[in-house]
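Trainee: Structure below; questions to follow.
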Amino acid sequence: MANVDKQALRKKLIDNILLRLGGGMIDVEIDSDSLNHCIDLALMQLKQRGDACYEQDLVLLTLKRDTKVYTLPEQIIYIQQIYRRGFGRFGATSGMGMDPFSYAWSNVYTASLYGAGQAGALLTYDLSSQYMQTAGKMFGLYMNYQFDEFTHRLYLEENPRTDDEVICLGAVVERPEEAVLQDRMVGLWIENWALAEAKEMLGQMRDRFSTLPGALGGITQNGTALKAEAKETKEKLLQELDNSIAMRDFAITGNMPFVG
């Protein structure tokens with residue numbers, strides 16, 4: 001995806017909305033600040049009702065001795081799970097410092113030696129997996145925690161016993177706005193919702209003066225029609241979210257290093 005400035009993307013979106021309102025042929029009585037607010041409302045609606053503004057990521061966090069509270073980056077909104085690279089509470093310095101990620105790969109490699117179609121291979125892998133789960137429960141592989149989305153603070157229930165232990169956080173992070181605006185699955189949805197918001201604004205303003213004097217008599221403005229169109233468009237767009245048309249599946253995008 002090309003690295004495009006957020007302001008440039010917003011300007012392009014505003015120009016598209018103005019064109020769809022007839023801005024190339026008539027003067028549309030709405031300013032750029034109002035259209036920026038319409039885009040903000042579209043993004044807020046998408047964040048509340050859909051998952052296109054979020055993605056899964058792996059975040060590295062370095063623990064410090066006797067430190068249980070860590071402030072995470074603002075784009076992290078939820079912690080799904082904490083992964084440790086060793087079984088024991090003392091990291092690799094104890095007798096339980098076995099890496100569960102590389103160990104899982106070694107299980108697959110060992111099982112393949114017996115032949116993929118033989119029951120012994122599956123049994124070996126199953127027993128190894130059960131061993132990892134039992135050892136993890138006994139020696140502190142799993143960490144209890146609390147995460148405050150508003151302060152972005154991670155509270156660990158156990159007290160780290162050593163310095164510089166690196167843990168991996170399975171997190172849900174907020175996508176940058178420029179990435180969302182360029183997303184082919186939701187870009188048009190955002191433009192349509194912002195257009196509906198703009199029509200509703202124009203409709204409310206034009207309804208204040210429903211009839212204007214003209215050379216050949218009174219001129220009736222289309223405020224009521226604009227508000228009706230905006231309502232109908234919003235209902236269709238919400239239905240698209242319910243039908244997962246403007247959605248995207250979560251994807252692991254790699255590591256976002258963070259040192260606490």
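So you can find residues: chains in the structure tokens are A, B, ... in the order shown, residues in each start at 1, and ligands are numbered from 1 in order.
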Using 9 Å as the limit and counting only C-alpha atoms, can you tabulate each residue of segment 133-190 of chain A that touches segment 47-70 of chain A, with its shortest atom-to-atom distance in Å and the two atoms involved, as CSV?
Mentor:
```
residue,atom,partner,partner_atom,distance
A:His152,CA,A:Tyr70,CA,8.4
A:Arg153,CA,A:Tyr70,CA,5.5
A:Leu154,CA,A:Tyr70,CA,5.1
A:Tyr155,CA,A:Val69,CA,4.7
A:Leu156,CA,A:Lys68,CA,5.0
A:Glu157,CA,A:Lys68,CA,7.2
A:Glu158,CA,A:Lys68,CA,7.2
A:Asn159,CA,A:Asp66,CA,5.5
A:Pro160,CA,A:Arg65,CA,5.1
A:Arg161,CA,A:Arg65,CA,5.3
A:Thr162,CA,A:Arg65,CA,4.8
A:Asp163,CA,A:Lys64,CA,4.6
A:Asp164,CA,A:Leu63,CA,5.4
A:Glu165,CA,A:Leu63,CA,5.2
A:Val166,CA,A:Thr62,CA,4.4
A:Ile167,CA,A:Leu61,CA,5.4
A:Cys168,CA,A:Leu60,CA,4.7
A:Leu169,CA,A:Val59,CA,4.9
A:Gly170,CA,A:Leu58,CA,5.1
A:Ala171,CA,A:Asp57,CA,5.4
A:Val172,CA,A:Gln56,CA,4.5
A:Val173,CA,A:Glu55,CA,5.6
A:Glu174,CA,A:Tyr54,CA,4.6
A:Arg175,CA,A:Tyr54,CA,5.3
A:Pro176,CA,A:Cys53,CA,7.9
A:Glu177,CA,A:Cys53,CA,8.0
A:Ala179,CA,A:Cys53,CA,8.7
A:Val180,CA,A:Cys53,CA,6.3
A:Asp183,CA,A:Ala52,CA,8.6
A:Met185,CA,A:Ala52,CA,8.4
A:Val186,CA,A:Ala52,CA,7.1
```
Trainee: Pick out the closest residue to Asn144 of chain A from this set: A:Trp189, A:Phe209, A:Tyr78, A:Tyr83. Count only C-alpha atoms.
Mentor: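 Distance minimum relative to Asn144 of chain A lands on A:Tyr83.
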Trainee: Env of segment 223-235 of chain A: 10 Å cut, atoms = only C-alpha atoms, seq-sep filter 6 positions within chain, self excluded. Answer as a PyMOL selection string.
Mentor: chain A and resi 192-210
Trainee: Hey, which of A:Gly140, A:Ile17, A:Leu123, A:Ile77 ends up closest to Ser34 of chain A? Count only C-alpha atoms.
Mentor: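 When distances to Ser34 of chain A are compared using only C-alpha atoms, the smallest one comes from A:Ile17.
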Trainee: Counting only C-alpha atoms, which residue out of A:Leu238, A:Asn36, A:Gln146, A:Tyr131 sits closest to Lys6 of chain A?
Mentor: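 Going through A:Leu238, A:Asn36, A:Gln146, A:Tyr131 one by one, the smallest distance to Lys6 of chain A is for A:Asn36.
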Trainee: Would you mind writing down, as number ranges by chain, each residue of segment 1-196 of chain A that DSSP on the backbone assigns to helix (DSSP H, G or I)?
Mentor: A: 6-20, 32-49, 91-93, 100-113, 119-139, 177-181, 187-196
Trainee: Could those selected residues go to a file with C-alpha atoms, as a PDB file, in the first residue's frame?
Mentor:
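Saved result, out_39.pdb, follows:
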```
ATOM      1  CA  LYS A   6      -3.660  11.458   5.782  1.00  0.00           C
ATOM      2  CA  GLN A   7      -4.537  15.046   4.905  1.00  0.00           C
ATOM      3  CA  ALA A   8      -4.174  14.311   1.186  1.00  0.00           C
ATOM      4  CA  LEU A   9      -6.532  11.346   1.533  1.00  0.00           C
ATOM      5  CA  ARG A  10      -9.058  13.460   3.415  1.00  0.00           C
ATOM      6  CA  LYS A  11      -8.899  16.190   0.776  1.00  0.00           C
ATOM      7  CA  LYS A  12      -9.528  13.651  -1.974  1.00  0.00           C
ATOM      8  CA  LEU A  13     -12.470  12.241  -0.024  1.00  0.00           C
ATOM      9  CA  ILE A  14     -13.906  15.735   0.531  1.00  0.00           C
ATOM     10  CA  ASP A  15     -13.570  16.499  -3.189  1.00  0.00           C
ATOM     11  CA  ASN A  16     -15.429  13.282  -4.046  1.00  0.00           C
ATOM     12  CA  ILE A  17     -18.266  14.135  -1.652  1.00  0.00           C
ATOM     13  CA  LEU A  18     -18.589  17.648  -3.068  1.00  0.00           C
ATOM     14  CA  LEU A  19     -18.739  16.263  -6.604  1.00  0.00           C
ATOM     15  CA  ARG A  20     -21.472  13.814  -5.625  1.00  0.00           C
ATOM     16  CA  SER A  32     -14.538  21.699   4.560  1.00  0.00           C
ATOM     17  CA  ASP A  33     -14.765  21.692   8.379  1.00  0.00           C
ATOM     18  CA  SER A  34     -18.277  20.267   8.188  1.00  0.00           C
ATOM     19  CA  LEU A  35     -17.161  17.626   5.671  1.00  0.00           C
ATOM     20  CA  ASN A  36     -14.220  16.662   7.885  1.00  0.00           C
ATOM     21  CA  HIS A  37     -16.718  16.181  10.700  1.00  0.00           C
ATOM     22  CA  CYS A  38     -18.809  13.970   8.400  1.00  0.00           C
ATOM     23  CA  ILE A  39     -15.734  11.798   7.763  1.00  0.00           C
ATOM     24  CA  ASP A  40     -15.058  11.623  11.514  1.00  0.00           C
ATOM     25  CA  LEU A  41     -18.638  10.441  12.092  1.00  0.00           C
ATOM     26  CA  ALA A  42     -18.207   7.759   9.415  1.00  0.00           C
ATOM     27  CA  LEU A  43     -15.013   6.491  11.049  1.00  0.00           C
ATOM     28  CA  MET A  44     -16.631   6.492  14.498  1.00  0.00           C
ATOM     29  CA  GLN A  45     -19.590   4.502  13.195  1.00  0.00           C
ATOM     30  CA  LEU A  46     -17.243   1.996  11.578  1.00  0.00           C
ATOM     31  CA  LYS A  47     -15.265   1.580  14.809  1.00  0.00           C
ATOM     32  CA  GLN A  48     -18.447   0.946  16.795  1.00  0.00           C
ATOM     33  CA  ARG A  49     -20.137  -1.442  14.382  1.00  0.00           C
ATOM     34  CA  GLY A  91      12.947 -17.214  32.370  1.00  0.00           C
ATOM     35  CA  ALA A  92      15.711 -19.188  30.707  1.00  0.00           C
ATOM     36  CA  THR A  93      17.913 -19.077  33.815  1.00  0.00           C
ATOM     37  CA  PRO A 100       7.198 -23.058  23.441  1.00  0.00           C
ATOM     38  CA  PHE A 101       7.262 -21.678  19.878  1.00  0.00           C
ATOM     39  CA  SER A 102      10.411 -23.465  18.717  1.00  0.00           C
ATOM     40  CA  TYR A 103       9.422 -26.529  20.745  1.00  0.00           C
ATOM     41  CA  ALA A 104       6.158 -26.763  18.836  1.00  0.00           C
ATOM     42  CA  TRP A 105       8.112 -26.800  15.564  1.00  0.00           C
ATOM     43  CA  SER A 106      10.463 -29.493  16.867  1.00  0.00           C
ATOM     44  CA  ASN A 107       7.411 -31.623  17.716  1.00  0.00           C
ATOM     45  CA  VAL A 108       6.211 -31.425  14.133  1.00  0.00           C
ATOM     46  CA  TYR A 109       9.684 -32.259  12.853  1.00  0.00           C
ATOM     47  CA  THR A 110      10.013 -35.236  15.219  1.00  0.00           C
ATOM     48  CA  ALA A 111       6.551 -36.495  14.359  1.00  0.00           C
ATOM     49  CA  SER A 112       7.361 -36.384  10.644  1.00  0.00           C
ATOM     50  CA  LEU A 113      10.204 -38.847  11.180  1.00  0.00           C
ATOM     51  CA  ALA A 119      -0.559 -43.164  14.416  1.00  0.00           C
ATOM     52  CA  GLY A 120       2.760 -42.918  16.275  1.00  0.00           C
ATOM     53  CA  ALA A 121       3.477 -39.523  14.772  1.00  0.00           C
ATOM     54  CA  LEU A 122       0.142 -38.102  15.920  1.00  0.00           C
ATOM     55  CA  LEU A 123       0.504 -39.684  19.357  1.00  0.00           C
ATOM     56  CA  THR A 124       3.969 -38.188  19.811  1.00  0.00           C
ATOM     57  CA  TYR A 125       2.717 -34.742  18.914  1.00  0.00           C
ATOM     58  CA  ASP A 126      -0.355 -35.080  21.163  1.00  0.00           C
ATOM     59  CA  LEU A 127       1.695 -36.212  24.162  1.00  0.00           C
ATOM     60  CA  SER A 128       4.196 -33.393  23.632  1.00  0.00           C
ATOM     61  CA  SER A 129       1.406 -30.823  23.473  1.00  0.00           C
ATOM     62  CA  GLN A 130      -0.145 -32.140  26.683  1.00  0.00           C
ATOM     63  CA  TYR A 131       3.257 -32.026  28.350  1.00  0.00           C
ATOM     64  CA  MET A 132       3.684 -28.362  27.400  1.00  0.00           C
ATOM     65  CA  GLN A 133       0.239 -27.472  28.771  1.00  0.00           C
ATOM     66  CA  THR A 134       0.800 -29.294  32.073  1.00  0.00           C
ATOM     67  CA  ALA A 135       4.292 -27.867  32.535  1.00  0.00           C
ATOM     68  CA  GLY A 136       2.981 -24.411  31.738  1.00  0.00           C
ATOM     69  CA  LYS A 137       0.296 -24.646  34.427  1.00  0.00           C
ATOM     70  CA  MET A 138       2.783 -25.919  37.009  1.00  0.00           C
ATOM     71  CA  PHE A 139       5.697 -23.572  36.384  1.00  0.00           C
ATOM     72  CA  GLU A 177      -6.509   6.298   9.513  1.00  0.00           C
ATOM     73  CA  GLU A 178      -4.671   6.454   6.192  1.00  0.00           C
ATOM     74  CA  ALA A 179      -4.680   2.656   6.010  1.00  0.00           C
ATOM     75  CA  VAL A 180      -8.432   2.537   6.661  1.00  0.00           C
ATOM     76  CA  LEU A 181      -9.215   5.219   4.080  1.00  0.00           C
ATOM     77  CA  GLY A 187     -13.099   3.084   1.609  1.00  0.00           C
ATOM     78  CA  LEU A 188     -16.328   3.423  -0.376  1.00  0.00           C
ATOM     79  CA  TRP A 189     -18.394   2.669   2.745  1.00  0.00           C
ATOM     80  CA  ILE A 190     -16.749   5.587   4.564  1.00  0.00           C
ATOM     81  CA  GLU A 191     -17.364   7.906   1.601  1.00  0.00           C
ATOM     82  CA  ASN A 192     -21.036   6.870   1.372  1.00  0.00           C
ATOM     83  CA  TRP A 193     -21.626   7.374   5.110  1.00  0.00           C
ATOM     84  CA  ALA A 194     -19.889  10.764   5.073  1.00  0.00           C
ATOM     85  CA  LEU A 195     -22.024  11.730   2.053  1.00  0.00           C
ATOM     86  CA  ALA A 196     -25.170  10.760   3.965  1.00  0.00           C
TER      87      ALA A 196
END
```
Trainee: State, in Å with one decimal place, the distance from atom CA of Asp5 of chain A to atom CA of Asp31 of chain A.
Mentor: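 These two atoms are separated by 21.2 Å.
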